[in-house]
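A quick write-up on the structure given underneath.
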Amino acid sequence: MRKPKNKIENNYYKYLTLSALSFCLYFMTGCTIPFLSSKPSDITLVYESLWEKSGTYEDVFANYKKDNSYATIDFQDRSATDISAYKSDLLDRLKNNRNVPDVIRIHVSWLPEFKDYLAPAPTDYFTKETIDSNYYPSVSSLVVYKNADSSNYFIYGIPFYYDQLNLVYNTAHFNEAGFKAAPTTWEQFFRDSYFLTKKDASNQIIRSGAAFGNKDLEFYSDIFGLLLGNANLEFPDAIESESDSLQSVVRVLNRQTDWNPAFQNSGNAFVSRRTSMAILPTWRVNDILSANKDIELGVAPVPSSRQDRPMNWPTFFVEAVPASAKNTNESWKLIKYMASEDSAKSIYSKQASVRRLPSLPALKNLASTLDIDPILKSVALDAANSNPGTGSKYSFAMSDRSGNTPCVDGIRTVLGQNDIKILIEARESILQACSLKLTK
């Protein structure tokens, strides 16, 4: 017969049982033991960027490191003259999980092609409501997507700056002609262009009133997209039939303004005062001011045929996270930090120290709370009161100088013939060039 347990032995087993139960309860309630708790392992975030040097972000990176000592940021400047080749290579890497970085910078027009290979922002970092509240209207319409079978919204990219097409005009030429303000409608634009044009004794154009109406000009395809929006048309649906509205758009796009093709580039022509008006994004304004610091330059909204509904053509890059990246949450955490107001102020300050015209911060409240350049204040005012030139995300595949060369060249070639029938006949080839068969 087994001997009965003594009192000490009974207490021992009782305490052991209680300890085991306490240990289990501790972990079941989500607690951790200090000496067993783990901190994030040291990680390196590979950050592929475009059009920005690492020095712009050095203070932001240093401050991020203070709160996240485990993170190292490997910033790689991939700026290249052939942005289209970079876009193709990056998309191929994402599709095939080859040399995938943690953070990438892509043009907002790439999102329809790229989004299936991107990780959406965690909802505790960004939501549709925060985008709508903090950014210009065009941003939300381009970076926020909604699932067709649900009410959920997904954010695939966050801009650190904002840009759009602007009417850039020579204030001295306007004063000389007695014009008190920039044109607000297309008819005013063409009228002003006529009076601003100058010719020599042999009837040769020595100053064009406007860089417009020529398929070889910069941002020709962007202006087409903007005009479609003015006419309440969406690309690519708009080029399915010979509607009067489409006829009107093509007619305005190719309307002659006494442009001299010998001037070639509209931005460079403006620098040398050989054109009085040009339609350009803000980053090209920086190029103009850098090339000629004494140029008489004003910036205004692009003319519109819809005064009741101001429109613009946004064109900017966003930071995004590949779905196959090793550290998607940490990558979004970095983007969230860099998109903060304090970081935006630091980035603007760094840009202002090395550029004539910094980029307009994407956070719309900074236009009034930060001491920004008057030119940017003008752009911000228009951006805050305008909507994209069209309601379709796919339209922006025609954004020039943004890595969309096949699409832009296809549209340029067809539209330059100024025949709507040729445009409609070429619809399928245009869709293929713009990769729209894959995304719509």
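Each chain in the structure tokens gets a letter, A, B and so on, in the order shown; residues start at 1 in every chain, and ligands are counted from 1 in the order they appear.
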ask   = as JSON, numbers by chain, which residues of segment 14-212 of chain A does DSSP assign to alpha helix (DSSP H)?
value = {"A": [14, 15, 16, 17, 18, 19, 20, 21, 22, 23, 24, 25, 26, 27, 28, 58, 59, 60, 61, 62, 63, 64, 65, 66, 67, 83, 84, 85, 86, 87, 88, 89, 90, 91, 92, 93, 94, 95, 111, 112, 113, 114, 128, 129, 130, 131, 132, 133, 134, 137, 138, 139, 140, 141, 142, 143, 171, 172, 173, 174, 175, 176, 177, 186, 187, 188, 189, 190, 191, 192, 193, 194, 195, 196]}
ask   = Got a sec: who's within 9 Å of segment 48-62 of chain A, counting only C-alpha atoms, leaving out chain neighbours fewer than 3 positions off, as a VMD selection string?
value = chain A and resid 65 to 66 72 to 80 101 to 106 317 319 334 337 to 338 342 to 344 346 to 351
For those residues, write N, CA and C atoms to a file as a short mmCIF file (atom, residue, chain, number, x, y, z; two decimals), in the first residue's frame.
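Okay, again.cif is ready:
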data_model
loop_
_atom_site.label_atom_id
_atom_site.label_comp_id
_atom_site.auth_asym_id
_atom_site.auth_seq_id
_atom_site.Cartn_x
_atom_site.Cartn_y
_atom_site.Cartn_z
N LYS A 65 15.75 57.04 -37.42
CA LYS A 65 16.66 56.07 -36.81
C LYS A 65 16.67 56.19 -35.28
N LYS A 66 16.46 57.40 -34.76
CA LYS A 66 16.46 57.60 -33.31
C LYS A 66 15.36 56.79 -32.64
N THR A 72 17.91 50.21 -40.78
CA THR A 72 18.89 50.90 -41.62
C THR A 72 18.26 51.14 -42.98
N ILE A 73 18.42 52.34 -43.51
CA ILE A 73 17.81 52.69 -44.79
C ILE A 73 18.89 52.75 -45.87
N ASP A 74 18.77 51.89 -46.84
CA ASP A 74 19.71 51.86 -47.98
C ASP A 74 19.05 52.63 -49.12
N PHE A 75 19.34 53.93 -49.20
CA PHE A 75 18.71 54.80 -50.20
C PHE A 75 19.46 54.70 -51.51
N GLN A 76 18.74 54.38 -52.58
CA GLN A 76 19.34 54.21 -53.91
C GLN A 76 18.67 55.14 -54.90
N ASP A 77 19.44 56.08 -55.43
CA ASP A 77 18.91 57.02 -56.42
C ASP A 77 18.94 56.37 -57.79
N ARG A 78 17.76 56.08 -58.34
CA ARG A 78 17.66 55.43 -59.64
C ARG A 78 17.28 56.41 -60.75
N SER A 79 17.47 57.69 -60.52
CA SER A 79 17.16 58.69 -61.54
C SER A 79 17.90 58.35 -62.82
N ALA A 80 17.17 58.39 -63.92
CA ALA A 80 17.77 58.04 -65.20
C ALA A 80 17.09 58.82 -66.30
N PRO A 101 12.97 45.76 -54.08
CA PRO A 101 13.29 46.65 -52.96
C PRO A 101 12.13 46.72 -51.97
N ASP A 102 12.34 47.44 -50.88
CA ASP A 102 11.30 47.56 -49.86
C ASP A 102 10.39 48.76 -50.10
N VAL A 103 10.96 49.84 -50.62
CA VAL A 103 10.19 51.05 -50.93
C VAL A 103 10.56 51.49 -52.33
N ILE A 104 9.57 51.89 -53.11
CA ILE A 104 9.83 52.36 -54.47
C ILE A 104 9.13 53.69 -54.69
N ARG A 105 9.66 54.45 -55.63
CA ARG A 105 8.99 55.67 -56.08
C ARG A 105 8.54 55.43 -57.52
N ILE A 106 7.24 55.59 -57.75
CA ILE A 106 6.67 55.39 -59.08
C ILE A 106 5.75 56.56 -59.41
N PHE A 317 4.84 61.83 -58.49
CA PHE A 317 5.31 60.50 -58.11
C PHE A 317 4.84 60.18 -56.69
N GLU A 319 5.30 57.23 -53.26
CA GLU A 319 6.08 56.17 -52.65
C GLU A 319 5.15 54.97 -52.46
N LEU A 334 7.93 53.55 -42.47
CA LEU A 334 8.88 54.58 -42.91
C LEU A 334 8.17 55.63 -43.76
N TYR A 337 6.15 57.96 -41.68
CA TYR A 337 6.99 58.93 -40.98
C TYR A 337 7.45 60.04 -41.94
N MET A 338 7.85 59.65 -43.14
CA MET A 338 8.35 60.63 -44.11
C MET A 338 7.22 61.53 -44.63
N ASP A 342 6.18 67.24 -39.97
CA ASP A 342 7.54 67.63 -39.60
C ASP A 342 8.54 67.19 -40.67
N SER A 343 8.37 65.98 -41.18
CA SER A 343 9.27 65.50 -42.23
C SER A 343 9.10 66.33 -43.50
N ALA A 344 7.86 66.66 -43.85
CA ALA A 344 7.60 67.46 -45.05
C ALA A 344 8.28 68.82 -44.96
N SER A 346 10.99 69.49 -43.23
CA SER A 346 12.42 69.25 -43.37
C SER A 346 12.81 69.04 -44.82
N ILE A 347 12.01 68.26 -45.54
CA ILE A 347 12.28 67.98 -46.95
C ILE A 347 12.20 69.27 -47.77
N TYR A 348 11.19 70.10 -47.50
CA TYR A 348 11.05 71.36 -48.23
C TYR A 348 12.26 72.26 -47.98
N SER A 349 12.69 72.33 -46.73
CA SER A 349 13.83 73.17 -46.37
C SER A 349 15.10 72.72 -47.09
N LYS A 350 15.31 71.41 -47.15
CA LYS A 350 16.49 70.88 -47.84
C LYS A 350 16.43 71.20 -49.33
N GLN A 351 15.25 71.03 -49.94
CA GLN A 351 15.11 71.34 -51.36
C GLN A 351 15.36 72.82 -51.63
#
Distance query segment 302-310 of chain A at most 7 Å, only C-alpha atoms, self and fewer than 5 positions along chain excluded, as a list in words = Leu165, Asn166, Leu167, Pro183, Thr184, Thr185, Trp186, Phe189, Asn230, Asn385, Ser386 and Asn387 of chain A
query = Could you pull out the strand (DSSP E or B) residues of segment 159-241 of chain A from DSSP and send them as a PyMOL selection string?
reply = chain A and resi 161-162+164-170+198-199+205-208
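Omitting Asn175 of chain A and its sequence neighbours fewer than 4 positions away, and counting only C-alpha atoms, the residues within 12 Å are Tyr169, Asn170, Thr171, Phe179, Lys180, Ala181, Ala182, Asp192, Leu196, Ser276, Glu296, Leu297 and Gly298 of chain A.
Note that atom CA of Ala397 of chain A and atom CA of Ala380 of chain A are 23.5 Å apart.
Shortest atom-to-atom contact with Thr275 of chain A among A:Asn254, A:Ser193, A:Ser353, A:Ser150: A:Ser193, counting only C-alpha atoms.
For the residues A:Thr44, A:Leu228, A:Gln256, A:Ser141, ranking by smallest atom-to-atom distance to Ser243 of chain A using only C-alpha atoms places A:Leu228 first.
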request  = May I have the residues within 6 Å of Ser208 of chain A as a PyMOL selection string, using only C-alpha atoms and disregarding those fewer than 5 positions away in the same chain?
outcome  = chain A and resi 197+258-259+275
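Atom pair atom CA of Val252 of chain A / atom CA of Val168 of chain A: separated by 18.6 Å.
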inquiry  = With distances taken over only C-alpha atoms, which residue among A:Gly225, A:Gly209, A:Pro122, A:Pro322 lies nearest Asn96 of chain A?
reply    = A:Pro322
key: Nearby residues (only C-alpha atoms) at most 9 Å from Leu91 of chain A, same-chain spacing under 3 positions excluded, as a PyMOL selection string   = chain A and resi 86-88+94-96+113-114+117
Selection to disk with C-alpha atoms, as a compact mmCIF listing (two decimals), in the first residue's frame:
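Final file, selection.txt:
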# COMPACT_ATOMS: atom_id res chain seq x y z
CA TYR A 86 13.34 51.85 -65.56
CA LYS A 87 9.56 51.46 -65.34
CA SER A 88 9.63 48.32 -67.50
CA LEU A 94 7.95 42.90 -59.19
CA LYS A 95 6.16 40.33 -61.36
CA ASN A 96 8.99 37.82 -61.08
CA GLU A 113 -0.40 48.51 -63.97
CA PHE A 114 1.51 48.09 -60.71
CA TYR A 117 2.11 43.75 -57.23
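Remark: for Ser395 of chain A, the closest of the candidate residues A:Ser340, A:Ser41, A:Ser109, A:Ser266 is A:Ser109 (distances computed over only C-alpha atoms).
Between atom CA of Leu227 of chain A and atom CA of Cys434 of chain A the separation is 18.3 Å.
Of the listed residues A:Asn147, A:Asn365, A:Asn68, A:Ser429, the one whose atoms come nearest to Asn134 of chain A is A:Asn365, with distances taken using only C-alpha atoms.
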